[in-house]
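**Q** Coordinates in protein.txt, compact mmCIF, C-alpha atoms, are listed below.
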# COMPACT_ATOMS: atom_id res chain seq x y z
CA MET A 1 26.67 149.13 14.05
CA LYS A 2 27.47 147.90 10.56
CA PRO A 3 27.77 144.09 10.43
CA ASP A 4 31.15 142.63 9.52
CA PRO A 5 30.95 140.58 6.27
CA ASP A 6 33.65 138.24 7.61
CA SER A 7 31.35 137.09 10.40
CA TYR A 8 29.09 135.33 7.83
CA LEU A 9 31.91 133.23 6.32
CA PRO A 10 32.25 130.52 5.20
CA LEU A 11 29.01 130.41 3.22
CA ALA A 12 26.98 127.26 2.67
CA PRO A 13 26.92 126.12 -1.00
CA ALA A 14 23.24 127.07 -1.45
CA THR A 15 23.84 130.53 0.01
CA LEU A 16 26.91 131.08 -2.15
CA HIS A 17 25.09 130.13 -5.35
CA ILE A 18 22.06 132.28 -4.52
CA LEU A 19 24.25 135.32 -3.84
CA LEU A 20 26.21 134.63 -7.02
CA SER A 21 22.98 134.45 -9.03
CA LEU A 22 21.88 137.83 -7.74
CA ALA A 23 25.25 139.52 -8.26
CA GLU A 24 24.44 140.74 -11.75
CA GLU A 25 20.77 141.73 -11.69
CA PRO A 26 17.58 141.31 -9.63
CA MET A 27 15.89 137.94 -10.15
CA HIS A 28 12.78 136.09 -9.05
CA GLY A 29 12.93 132.74 -7.27
CA TYR A 30 12.50 130.60 -10.37
CA GLY A 31 15.17 132.66 -12.17
CA ILE A 32 17.59 132.04 -9.29
CA LYS A 33 16.88 128.31 -9.49
CA GLN A 34 17.61 128.29 -13.24
CA GLU A 35 20.76 130.38 -12.77
CA VAL A 36 22.09 128.01 -10.08
CA LEU A 37 21.45 125.09 -12.44
CA ARG A 38 23.41 126.91 -15.15
CA GLN A 39 26.29 127.81 -12.81
CA THR A 40 26.70 124.22 -11.66
CA GLY A 41 26.16 122.54 -15.02
CA GLY A 42 22.91 120.99 -13.80
CA ARG A 43 24.46 119.30 -10.77
CA TYR A 44 22.82 121.44 -8.08
CA ASN A 45 19.04 121.57 -8.41
CA LEU A 46 17.64 123.78 -5.64
CA GLY A 47 14.13 122.85 -4.56
CA PRO A 48 11.68 125.69 -3.83
CA GLY A 49 11.63 124.87 -0.10
CA THR A 50 15.41 125.15 0.19
CA LEU A 51 15.56 128.21 -2.05
CA TYR A 52 12.91 130.24 -0.25
CA ASP A 53 14.16 129.16 3.18
CA ASN A 54 17.58 130.55 2.22
CA LEU A 55 16.04 133.73 0.80
CA GLN A 56 14.06 134.21 4.01
CA ARG A 57 17.25 133.90 6.08
CA LEU A 58 19.28 136.14 3.75
CA MET A 59 16.60 138.83 3.91
CA LYS A 60 16.56 138.61 7.69
CA GLN A 61 20.36 139.05 7.67
CA ARG A 62 19.90 141.98 5.25
CA MET A 63 22.15 140.44 2.59
CA VAL A 64 19.28 140.27 0.09
CA GLU A 65 16.40 142.69 -0.35
CA GLU A 66 13.25 142.78 -2.38
CA ALA A 67 13.40 144.77 -5.60
CA ALA A 68 11.08 145.98 -8.34
CA GLY A 69 10.89 143.66 -11.34
CA PRO A 70 11.58 144.67 -14.93
CA ARG A 71 9.04 146.95 -16.59
CA GLU A 72 7.80 144.27 -19.00
CA GLU A 73 6.87 142.06 -16.03
CA GLU A 74 5.04 144.71 -14.03
CA ASN A 75 1.88 142.64 -13.91
CA SER A 76 3.68 139.53 -12.74
CA ARG A 77 2.91 138.35 -9.22
CA ARG A 78 6.50 137.21 -8.74
CA ARG A 79 8.74 138.88 -6.20
CA TYR A 80 12.19 139.99 -7.30
CA TYR A 81 15.29 139.96 -5.11
CA ARG A 82 18.63 141.74 -5.34
CA LEU A 83 21.90 141.86 -3.43
CA SER A 84 22.25 144.54 -0.77
CA SER A 85 25.59 146.25 -0.21
CA LEU A 86 26.17 143.90 2.74
CA GLY A 87 25.41 140.88 0.55
CA ARG A 88 27.83 142.13 -2.10
CA GLY A 89 30.51 142.58 0.57
CA VAL A 90 29.95 139.09 1.96
CA LEU A 91 30.08 137.58 -1.54
CA SER A 92 33.34 139.43 -2.32
CA GLN A 93 34.93 138.20 0.91
CA GLU A 94 33.79 134.64 0.21
CA ILE A 95 35.22 134.74 -3.32
CA ALA A 96 38.54 136.03 -1.91
CA ARG A 97 38.50 133.23 0.67
CA LEU A 98 37.81 130.63 -2.03
CA GLU A 99 40.63 132.07 -4.17
CA ASP A 100 42.99 131.54 -1.24
CA VAL A 101 41.74 127.96 -0.88
CA VAL A 102 42.24 127.29 -4.59
CA HIS A 103 45.71 128.85 -4.52
CA GLU A 104 46.71 126.79 -1.48
CA GLY A 105 45.28 123.64 -3.05
CA ARG A 106 47.20 124.15 -6.28
CA MET A 107 50.44 124.76 -4.41
CA ARG A 108 50.07 121.57 -2.42
CA LEU A 109 49.04 119.43 -5.37
CA ARG A 110 51.99 120.77 -7.40
CA SER A 111 54.41 119.76 -4.65
CA LEU A 112 52.94 116.24 -4.70
CA LYS A 113 53.58 115.73 -8.43
CA PRO A 114 56.29 113.14 -9.17
CA ARG A 115 59.44 114.79 -10.51
CA ARG A 116 60.96 113.67 -13.77
CA ALA A 117 64.24 111.86 -13.47
CA MET B 1 -4.87 116.39 -7.99
CA LEU B 2 -1.08 116.77 -7.63
CA ARG B 3 -1.45 120.56 -7.59
CA TRP B 4 -4.13 120.31 -4.90
CA LEU B 5 -1.82 118.13 -2.78
CA TYR B 6 1.03 120.60 -3.22
CA ILE B 7 -1.24 123.50 -2.19
CA GLN B 8 -2.10 121.58 0.99
CA LEU B 9 1.61 121.20 1.73
CA ILE B 10 2.17 124.93 1.24
CA TRP B 11 -0.85 125.63 3.41
CA LEU B 12 0.69 123.64 6.27
CA HIS B 13 3.74 125.95 6.38
CA PRO B 14 3.85 128.70 9.04
CA ALA B 15 1.73 131.68 8.02
CA PRO B 16 4.54 134.23 7.51
CA PHE B 17 6.45 131.84 5.20
CA ARG B 18 3.29 130.79 3.33
CA TRP B 19 2.19 134.39 2.97
CA ARG B 20 5.54 135.53 1.59
CA PHE B 21 6.62 132.58 -0.57
CA GLY B 22 3.47 130.45 -1.11
CA ASP B 23 2.63 131.96 -4.50
CA ASP B 24 6.19 131.60 -5.75
CA MET B 25 6.41 127.96 -4.60
CA LEU B 26 3.16 127.15 -6.38
CA ASP B 27 4.33 128.93 -9.51
CA ASP B 28 7.59 126.93 -9.48
CA PHE B 29 5.54 123.74 -9.10
CA ASP B 30 3.36 124.70 -12.06
CA ARG B 31 6.44 125.23 -14.21
CA ALA B 32 7.98 121.86 -13.27
CA THR B 33 7.62 118.86 -15.57
CA LEU B 34 5.55 115.87 -14.43
CA ARG B 35 8.74 113.86 -13.93
CA ASP B 36 10.12 116.46 -11.50
CA LYS B 37 6.95 116.81 -9.45
CA PRO B 38 7.66 113.97 -6.95
CA ARG B 39 10.93 115.75 -6.09
CA TYR B 40 8.92 118.93 -5.40
CA PHE B 41 6.75 117.02 -2.93
CA ALA B 42 9.79 115.69 -1.10
CA ASP B 43 11.28 119.17 -1.04
CA ALA B 44 8.04 120.71 0.28
CA ALA B 45 7.74 118.05 3.01
CA ALA B 46 11.34 118.70 4.07
CA SER B 47 10.66 122.42 4.00
CA LEU B 48 7.58 121.89 6.16
CA ALA B 49 9.58 120.07 8.83
CA ARG B 50 12.38 122.62 8.61
CA GLN B 51 10.09 125.65 8.99
CA TRP B 52 8.22 124.24 12.00
CA LEU B 53 11.14 122.59 13.80
CA LEU B 54 14.19 124.65 12.93
CA ARG B 55 12.94 128.15 12.17
CA PRO B 56 11.09 129.40 15.24
CA GLU B 57 12.72 132.83 14.87
CA PHE B 58 10.73 133.50 11.68
CA ARG B 59 7.36 132.71 13.20
CA ARG B 60 5.36 135.45 14.81
CA PRO B 61 5.22 135.29 18.58
CA GLU B 62 1.79 134.13 19.68
CA ALA B 63 0.16 135.91 22.55
CA THR B 64 0.32 133.63 25.54
CA VAL B 65 -2.94 132.97 27.27
CA GLU B 66 -1.41 133.44 30.68
CA ALA B 67 -0.03 136.84 29.78
CA SER B 68 -3.39 138.05 28.49
CA LEU B 69 -5.14 136.75 31.59
CA GLN B 70 -2.68 138.41 33.93
CA ALA B 71 -2.99 141.64 32.00
CA ALA B 72 -6.76 141.50 32.39
CA GLY B 73 -6.51 140.62 36.08
CA ALA B 74 -8.46 137.40 35.58
CA PRO B 75 -7.93 134.43 37.91
CA LEU B 76 -5.67 131.73 36.52
CA PHE B 77 -8.21 128.91 36.89
CA GLN B 78 -9.82 130.25 33.72
CA THR B 79 -6.72 129.37 31.70
CA ILE B 80 -7.29 127.11 28.72
CA ALA B 81 -4.19 124.97 28.43
CA THR B 82 -2.42 125.52 25.12
CA TYR B 83 -1.39 122.09 23.95
CA LYS B 84 1.91 122.01 22.11
CA PRO B 85 2.99 118.67 20.66
CA ARG B 86 6.51 117.46 21.41
CA PRO B 87 9.10 118.10 18.68
CA ALA B 88 9.57 114.34 18.32
CA ALA B 89 5.82 113.91 17.70
CA LEU B 90 5.92 116.69 15.10
CA LEU B 91 8.86 114.99 13.40
CA GLN B 92 7.04 111.65 13.36
CA GLY B 93 3.95 113.35 11.93
CA GLY B 94 6.07 114.99 9.24
CA LEU B 95 7.68 111.67 8.31
CA LEU B 96 4.28 109.98 8.20
CA ALA B 97 2.96 112.73 5.93
CA LEU B 98 6.00 112.37 3.70
CA VAL B 99 5.54 108.62 3.39
CA SER B 100 1.81 109.05 2.67
CA ILE B 101 2.53 111.57 -0.05
CA LEU B 102 5.21 109.38 -1.63
CA VAL B 103 2.80 106.43 -1.64
CA ALA B 104 0.07 108.59 -3.20
CA VAL B 105 2.44 109.95 -5.84
CA THR B 106 3.70 106.43 -6.65
CA LEU B 107 0.16 105.09 -6.99
CA ILE B 108 -0.84 107.99 -9.20
CA GLY B 109 2.24 107.41 -11.35
CA LYS B 110 1.39 103.72 -11.75
CA GLY B 111 -2.27 104.43 -12.53
CA GLY B 112 -1.76 104.53 -16.30
CA GLY B 113 0.19 101.27 -16.40
CA ALA B 114 -2.80 98.88 -16.19
CA ARG B 115 -3.23 96.52 -19.16
CA PRO B 116 -6.02 97.71 -21.46
CA PHE B 117 -9.02 95.39 -21.76
CA LEU B 118 -9.56 94.45 -25.38
CA ILE B 119 -12.57 92.66 -26.78
CA GLY B 120 -11.88 90.11 -29.51
CA VAL B 121 -8.23 90.86 -30.33
CA HIS B 122 -5.00 91.25 -28.40
CA SER B 123 -3.34 93.59 -30.85
CA SER B 124 -4.77 96.10 -33.27
CA ARG B 125 -4.31 95.83 -37.04
CA PRO B 126 -4.85 98.55 -39.62
CA GLY B 127 -7.42 96.49 -41.54
CA LEU B 128 -9.45 95.53 -38.52
CA LEU B 129 -11.44 98.73 -38.24
CA PRO B 130 -11.34 100.42 -41.67
CA SER B 131 -12.07 104.11 -41.59
CA ASP B 132 -14.15 105.69 -44.27
CA ARG B 133 -12.43 109.03 -44.87
CA ASN B 134 -15.11 110.17 -47.34
CA SER B 135 -17.60 110.57 -44.54
CA MET B 136 -15.27 113.02 -42.81
CA ALA B 137 -15.19 115.34 -45.79
CA ALA B 138 -18.96 115.62 -45.92
CA SER B 139 -19.49 116.53 -42.30
CA ASP B 140 -19.60 120.10 -41.05
CA LEU B 141 -17.09 121.48 -38.63
CA SER B 142 -18.81 121.64 -35.29
CA THR B 143 -15.96 122.35 -32.87
CA ALA B 144 -16.60 125.38 -30.71
CA VAL B 145 -13.74 127.04 -28.87
CA LYS B 146 -14.79 128.65 -25.63
CA ALA B 147 -12.52 130.99 -23.69
CA GLY B 148 -12.21 130.37 -19.95
CA PRO B 149 -13.53 132.78 -17.34
CA ASP B 150 -11.76 136.12 -17.10
CA PRO B 151 -9.47 135.91 -14.03
CA PHE B 152 -9.91 139.63 -13.39
CA GLU B 153 -13.69 139.16 -13.12
CA ALA B 154 -13.18 136.16 -10.81
CA TRP B 155 -10.96 138.20 -8.48
CA LEU B 156 -13.45 141.06 -8.55
CA LYS B 157 -16.26 138.68 -7.65
CA LEU B 158 -14.24 137.49 -4.66
CA ALA B 159 -13.15 141.00 -3.68
CA LYS B 160 -16.61 142.59 -3.50
CA PRO B 161 -17.95 140.68 -0.47
CA TYR B 162 -14.50 140.65 1.14
CA PHE B 163 -14.12 144.44 0.96
CA VAL B 164 -17.67 144.89 2.27
CA SER B 165 -17.02 142.57 5.23
CA MET B 166 -13.72 144.24 6.21
CA PRO B 167 -14.16 147.70 7.79
CA VAL B 168 -10.47 148.48 7.28
CA LEU B 169 -10.69 147.87 3.53
CA ARG B 170 -14.01 149.74 3.37
CA ALA B 171 -12.37 152.74 5.04
CA LEU B 172 -9.26 152.61 2.85
CA ASP B 173 -11.10 152.10 -0.46
CA THR B 174 -12.77 155.52 -0.59
CA ASP B 175 -13.81 155.35 -4.27
CA ARG B 176 -15.29 151.82 -3.86
CA ASP B 177 -13.48 150.33 -6.86
CA PHE B 178 -12.04 147.38 -4.83
CA VAL B 179 -8.51 148.57 -5.61
CA LEU B 180 -6.33 150.64 -3.27
CA SER B 181 -4.74 153.38 -5.35
CA PRO B 182 -1.50 155.19 -4.40
CA TRP B 183 -3.59 158.12 -3.12
CA GLU B 184 -5.72 155.82 -0.96
CA ILE B 185 -2.58 154.14 0.39
CA GLY B 186 -1.10 157.57 1.20
CA ASN B 187 -4.33 158.57 2.93
CA ALA B 188 -4.37 155.35 5.00
CA PRO B 189 -3.54 156.95 8.42
CA ALA B 190 -6.53 159.33 8.18
CA ALA B 191 -8.81 156.53 6.93
CA LEU B 192 -7.78 154.21 9.76
CA ARG B 193 -8.29 156.87 12.42
CA SER B 194 -11.92 157.15 11.29
CA LEU B 195 -12.39 153.55 12.54
CA ASP B 196 -11.15 154.38 16.03
CA THR B 197 -14.63 154.59 17.52
CA ASN B 198 -13.51 154.48 21.17
CA HIS B 199 -10.80 157.13 20.60
CA ALA B 200 -8.13 154.93 22.16
CA SER B 201 -5.59 155.95 19.47
CA LYS B 202 -5.33 152.31 18.41
CA LEU B 203 -7.44 149.76 16.54
CA ILE B 204 -8.34 146.47 18.15
CA ALA B 205 -9.53 143.39 16.23
CA GLU B 206 -13.22 144.19 16.81
CA GLU B 207 -12.75 147.63 15.22
CA CYS B 208 -11.04 145.90 12.30
CA GLY B 209 -13.95 143.56 11.62
CA LEU B 210 -13.87 140.72 14.16
CA ARG B 211 -17.49 139.99 15.03
CA ILE B 212 -17.96 138.30 18.35
CA ALA B 213 -20.78 138.61 20.84
CA PRO B 214 -19.76 140.06 24.23
CA ASN B 215 -19.14 137.42 26.93
CA SER B 216 -19.68 134.60 24.41
CA VAL B 217 -16.13 133.24 24.76
CA PRO B 218 -13.72 133.10 27.70
CA LEU B 219 -11.27 135.97 27.94
CA ALA B 220 -8.31 133.73 27.18
CA MET B 221 -9.85 132.41 24.00
CA LEU B 222 -10.80 135.94 22.98
CA ALA B 223 -7.14 136.98 23.01
CA GLN B 224 -6.26 134.06 20.76
CA LEU B 225 -9.16 134.77 18.42
CA ARG B 226 -8.06 138.38 18.08
CA GLN B 227 -4.50 137.31 17.30
CA GLN B 228 -5.62 134.75 14.72
CA PHE B 229 -7.96 137.25 13.09
CA MET B 230 -5.20 139.82 12.70
CA ASN B 231 -2.78 137.21 11.31
CA TYR B 232 -5.29 135.74 8.85
CA HIS B 233 -6.00 138.89 6.82
CA PRO B 234 -2.96 140.13 4.85
CA VAL B 235 -3.93 143.80 5.16
CA LEU B 236 -4.22 143.54 8.97
CA ALA B 237 -1.07 141.43 9.28
CA ALA B 238 0.82 144.06 7.29
CA LEU B 239 -0.53 146.96 9.37
CA ASP B 240 0.14 145.20 12.70
CA THR B 241 3.90 145.33 12.23
CA ASP B 242 4.80 144.22 15.78
CA HIS B 243 2.18 141.44 15.63
CA ASP B 244 0.71 142.22 19.03
CA GLY B 245 -2.88 141.80 17.80
CA GLU B 246 -3.75 145.50 17.52
CA ILE B 247 -2.84 148.45 15.33
CA SER B 248 -1.14 151.00 17.56
CA ASP B 249 -0.95 154.76 17.15
CA TRP B 250 2.57 154.45 15.68
CA GLU B 251 1.43 151.72 13.30
CA ILE B 252 -1.47 153.90 12.13
CA ASP B 253 0.99 156.75 11.45
CA HIS B 254 3.16 154.37 9.38
CA ALA B 255 0.25 152.56 7.69
CA SER B 256 1.14 153.75 4.17
CA ALA B 257 4.61 152.21 4.28
CA ALA B 258 3.22 149.00 5.78
CA LEU B 259 0.59 148.69 3.04
CA LYS B 260 3.21 149.12 0.32
CA THR B 261 4.83 145.85 1.46
CA LEU B 262 1.74 144.07 0.08
CA ASP B 263 2.36 145.46 -3.40
CA ARG B 264 3.93 142.36 -4.90
CA ASN B 265 4.07 143.55 -8.50
CA HIS B 266 5.28 147.02 -7.46
CA ASP B 267 2.72 148.82 -9.61
CA GLY B 268 1.68 151.16 -6.78
CA TYR B 269 -1.83 149.71 -6.56
CA LEU B 270 -3.15 147.05 -4.20
CA THR B 271 -5.54 144.75 -6.03
CA ALA B 272 -7.71 141.86 -4.82
CA ASP B 273 -5.07 139.23 -5.55
CA GLU B 274 -2.74 141.07 -3.16
CA LEU B 275 -5.33 141.60 -0.43
CA VAL B 276 -7.49 138.48 -0.27
CA PRO B 277 -6.16 135.78 2.12
CA PHE B 278 -4.31 132.90 0.44
CA GLU B 279 -6.68 130.26 1.84
CA MET B 280 -9.75 132.15 0.61
CA ALA B 281 -8.28 132.39 -2.91
CA VAL B 282 -7.47 128.66 -2.88
CA ARG B 283 -11.05 127.83 -1.91
CA ALA B 284 -12.32 130.01 -4.76
CA GLY B 285 -10.04 128.16 -7.19
CA LEU B 286 -7.93 131.25 -7.92
CA ARG B 287 -4.66 129.78 -6.61
Reformat the file's structure so that it appears as structure tokens.

**A**
Amino acid sequence: MKPDPDSYLPLAPATLHILLSLAEEPMHGYGIKQEVLRQTGGRYNLGPGTLYDNLQRLMKQRMVEEAAGPREEENSRRRYYRLSSLGRGVLSQEIARLEDVVHEGRMRLRSLKPRRA
Amino acid sequence: MLRWLYIQLIWLHPAPFRWRFGDDMLDDFDRATLRDKPRYFADAAASLARQWLLRPEFRRPEATVEASLQAAGAPLFQTIATYKPRPAALLQGGLLALVSILVAVTLIGKGGGARPFLIGVHSSRPGLLPSDRNSMAASDLSTAVKAGPDPFEAWLKLAKPYFVSMPVLRALDTDRDFVLSPWEIGNAPAALRSLDTNHASKLIAEECGLRIAPNSVPLAMLAQLRQQFMNYHPVLAALDTDHDGEISDWEIDHASAALKTLDRNHDGYLTADELVPFEMAVRAGLR
């Protein structure tokens, strides 16, 4: 039976950023770490232990799979990872969920603004 | 020194995690600046505790001694008790290790801060030790640049005795070049069947290279030794997909696909750096 992407929501911040990093192209672990740093403006620095623990779990859940690296790095010993179709589905659902949260938050904050006399 | 300590921390992780991510963790550590390295130690220590305490589902099931004894029909009084520390004790050990590492890292960081011992003066002045630049012009250049050892040669040196000692690798590597080519990987089922000397349609640890004199160890310990042997060698761990300590008929049939999981750089070939156990490479200074 195909797993339901909704059952994995909500995602932990580390998981969300890892999936986001892999959304565009396959990356190795260090590349993911750098991409997460870029996404968060340097605020979220994933350590290797946390990163590879998350990758291990995501591979077990079949959201991420190993991929061939780029041709120019064929001799590299690094492993590359990419999003599976399930991972892409989970990421899309999480983004939609976060959009709802943002929309709801904006609505509520707007209603709290003091009105001009 | 710091790198050596970090390798020890990686080495303490459960084998499946270490085998899959150990190289990448070490590579990340090598790329980190000296200022960031203490954070890497803290992260590795936390990862160590997390993998052992919170991730039992990712560890391979170990063959229980009782089960192997019952299967062999041996009386239970031969059981060697498998001691498993309490989770609290493991946590305390992890914390102690973390504190020790932090102390070591702090001491190493402070090592360069000692006041230099000066003879005669407390501060240097330009005129104190005049340098005669003319003498430099007259001397010949004597600096020799020597290239380090070729890593390929070092791996080959390690691979030769390893391939010779492992019947499975000897059987797979038909052209004796210490590299498993795509053809040799494809031919793996036939090569492995040639090792099945007792025609049991499966390979046990002894047929894969475990050397142990008959009746030299109790039956219970033998089961554990077989399991450890199969887990230690990447090629055997990859072939034994259900991790039951032997390579079954089905696993022999699917050996080619299993071997391809070892191909980290996806070039189609399995080279020594992908086949030699992590610990062996560390001891040889290649990790």

**Q** Atom CA of Tyr8 of chain A and atom CA of Gly105 of chain A, how far apart in Å?

**A**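 Computed distance, atom CA of Gly105 of chain A to atom CA of Tyr8 of chain A, equals 22.7 Å.
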
**Q** As a list of chain:residue names, could you give me every residue of chain B near chain A (at most 7 Å apart, counting all atoms listed in the file)?

**A**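 Listed by rising number, the hits are B:Phe21, B:Asp24, B:Met25, B:Asp28, B:Tyr40, B:Asp43, B:Ala44, B:Ser47, B:Arg264, B:Asn265, B:His266, B:Asp267.
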
**Q** Compile the contact shell of Glu24 of chain A as a list of chain:residue names: residues with an atom at most 12 Å away, counting only C-alpha atoms, same-chain residues fewer than 3 positions apart removed.

**A**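 Returned residues: A:Ile18, A:Leu19, A:Leu20, A:Ser21, A:Met27, A:Ile32, A:Glu35, A:Tyr81, A:Arg82, A:Leu83, A:Ser84, A:Arg88.
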
**Q** Which of these residues is nearest to Ala238 of chain B, using only C-alpha atoms: B:Ala255, B:Arg226, B:Asn187, B:Ile7?

**A** B:Ala255

**Q** Residues at most 8 Å from Asn231 of chain B, counting all atoms listed in the file, excluding those fewer than 3 positions away in the same chain, as number ranges by chain?

**A** B: 15, 227-228, 234, 236-237, 243, 245

**Q** For Leu12 of chain B, please output as a PyMOL selection string all residues within 12 Å (counting all atoms listed in the file; exclusion window: fewer than 4 positions along the same chain).

**A** chain B and resi 5-8+16-19+22+44-52+94+97+279

**Q** Can you write just those residues out, C-alpha atoms, as a PDB file, in the frame of the given file?

**A**
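Writing done, so here's selection.pdb:
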ATOM      1  CA  LEU B   5      -1.820 118.130  -2.780  1.00  0.00           C
ATOM      2  CA  TYR B   6       1.030 120.600  -3.220  1.00  0.00           C
ATOM      3  CA  ILE B   7      -1.240 123.500  -2.190  1.00  0.00           C
ATOM      4  CA  GLN B   8      -2.100 121.580   0.990  1.00  0.00           C
ATOM      5  CA  PRO B  16       4.540 134.230   7.510  1.00  0.00           C
ATOM      6  CA  PHE B  17       6.450 131.840   5.200  1.00  0.00           C
ATOM      7  CA  ARG B  18       3.290 130.790   3.330  1.00  0.00           C
ATOM      8  CA  TRP B  19       2.190 134.390   2.970  1.00  0.00           C
ATOM      9  CA  GLY B  22       3.470 130.450  -1.110  1.00  0.00           C
ATOM     10  CA  ALA B  44       8.040 120.710   0.280  1.00  0.00           C
ATOM     11  CA  ALA B  45       7.740 118.050   3.010  1.00  0.00           C
ATOM     12  CA  ALA B  46      11.340 118.700   4.070  1.00  0.00           C
ATOM     13  CA  SER B  47      10.660 122.420   4.000  1.00  0.00           C
ATOM     14  CA  LEU B  48       7.580 121.890   6.160  1.00  0.00           C
ATOM     15  CA  ALA B  49       9.580 120.070   8.830  1.00  0.00           C
ATOM     16  CA  ARG B  50      12.380 122.620   8.610  1.00  0.00           C
ATOM     17  CA  GLN B  51      10.090 125.650   8.990  1.00  0.00           C
ATOM     18  CA  TRP B  52       8.220 124.240  12.000  1.00  0.00           C
ATOM     19  CA  GLY B  94       6.070 114.990   9.240  1.00  0.00           C
ATOM     20  CA  ALA B  97       2.960 112.730   5.930  1.00  0.00           C
ATOM     21  CA  GLU B 279      -6.680 130.260   1.840  1.00  0.00           C
TER      22      GLU B 279
END

**Q** Interatomic distance between atom CA of Val64 of chain A and atom CA of Gly41 of chain A?

**A**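 Separation of atom CA of Val64 of chain A and atom CA of Gly41 of chain A: 24.3 Å.
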
**Q** With distances taken over all atoms listed in the file, which residue among B:Arg55, B:Trp250, B:Pro218, B:Arg39 lies nearest Asn54 of chain A?

**A**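 Closest to Asn54 of chain A of all the choices is B:Arg55.
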
**Q** Quick check, in Å to one decimal: how far apart do atom CA of Leu180 of chain B and atom CA of Ala272 of chain B lie?

**A**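 Interatomic distance, atom CA of Leu180 of chain B to atom CA of Ala272 of chain B: 9.0 Å.
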
**Q** Can you tell me, as a PyMOL selection string, what residues are no more than 7 Å from Cys208 of chain B when counting all atoms listed in the file, ignoring any on the same chain fewer than 3 positions away?

**A** chain B and resi 166-168+203-205

**Q** Take the residues from that selection and put them in a file with C-alpha atoms, as a PDB file, keeping the file's coordinate frame.

**A**
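Okay, result-v1.pdb is ready:
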ATOM      1  CA  MET B 166     -13.720 144.240   6.210  1.00  0.00           C
ATOM      2  CA  PRO B 167     -14.160 147.700   7.790  1.00  0.00           C
ATOM      3  CA  VAL B 168     -10.470 148.480   7.280  1.00  0.00           C
ATOM      4  CA  LEU B 203      -7.440 149.760  16.540  1.00  0.00           C
ATOM      5  CA  ILE B 204      -8.340 146.470  18.150  1.00  0.00           C
ATOM      6  CA  ALA B 205      -9.530 143.390  16.230  1.00  0.00           C
TER       7      ALA B 205
END

**Q** Set the distance at 9 Å and use only C-alpha atoms: which residues neighbour segment 92-103 of chain A once local chain neighbours fewer than 6 positions away are removed? I'd like the list as a ChimeraX atom specification.

**A** /A:5-6,8-11,16

**Q** Return as lines of an AutoDock Vina configuration file the box centre and box size in Å, one decimal, for an axis-aligned box around all listed atoms of segment 249-257 of chain B padded by 6 Å per side.

**A**
center_x = 1.6
center_y = 154.2
center_z = 10.7
size_x = 18.1
size_y = 17.0
size_z = 25.0

**Q** Mind writing segment 9-27 of chain A to a file for me, with C-alpha atoms, as a PDB file, in the first residue's frame?

**A**
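The result, written out as part_19.pdb:
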ATOM      1  CA  LEU A   9       3.119  15.761   9.046  1.00  0.00           C
ATOM      2  CA  PRO A  10       4.028  18.018  10.729  1.00  0.00           C
ATOM      3  CA  LEU A  11       7.733  17.744   9.916  1.00  0.00           C
ATOM      4  CA  ALA A  12      10.495  18.560  12.383  1.00  0.00           C
ATOM      5  CA  PRO A  13      12.555  21.655  11.386  1.00  0.00           C
ATOM      6  CA  ALA A  14      15.642  19.576  10.527  1.00  0.00           C
ATOM      7  CA  THR A  15      13.593  17.220   8.351  1.00  0.00           C
ATOM      8  CA  LEU A  16      11.868  20.103   6.582  1.00  0.00           C
ATOM      9  CA  HIS A  17      15.150  21.845   5.768  1.00  0.00           C
ATOM     10  CA  ILE A  18      16.790  18.640   4.544  1.00  0.00           C
ATOM     11  CA  LEU A  19      13.868  17.869   2.238  1.00  0.00           C
ATOM     12  CA  LEU A  20      13.864  21.476   1.023  1.00  0.00           C
ATOM     13  CA  SER A  21      17.590  21.265   0.259  1.00  0.00           C
ATOM     14  CA  LEU A  22      17.078  18.171  -1.853  1.00  0.00           C
ATOM     15  CA  ALA A  23      14.046  19.519  -3.723  1.00  0.00           C
ATOM     16  CA  GLU A  24      16.071  20.958  -6.574  1.00  0.00           C
ATOM     17  CA  GLU A  25      18.903  18.509  -7.197  1.00  0.00           C
ATOM     18  CA  PRO A  26      20.750  15.577  -5.589  1.00  0.00           C
ATOM     19  CA  MET A  27      23.258  16.648  -2.944  1.00  0.00           C
TER      20      MET A  27
END
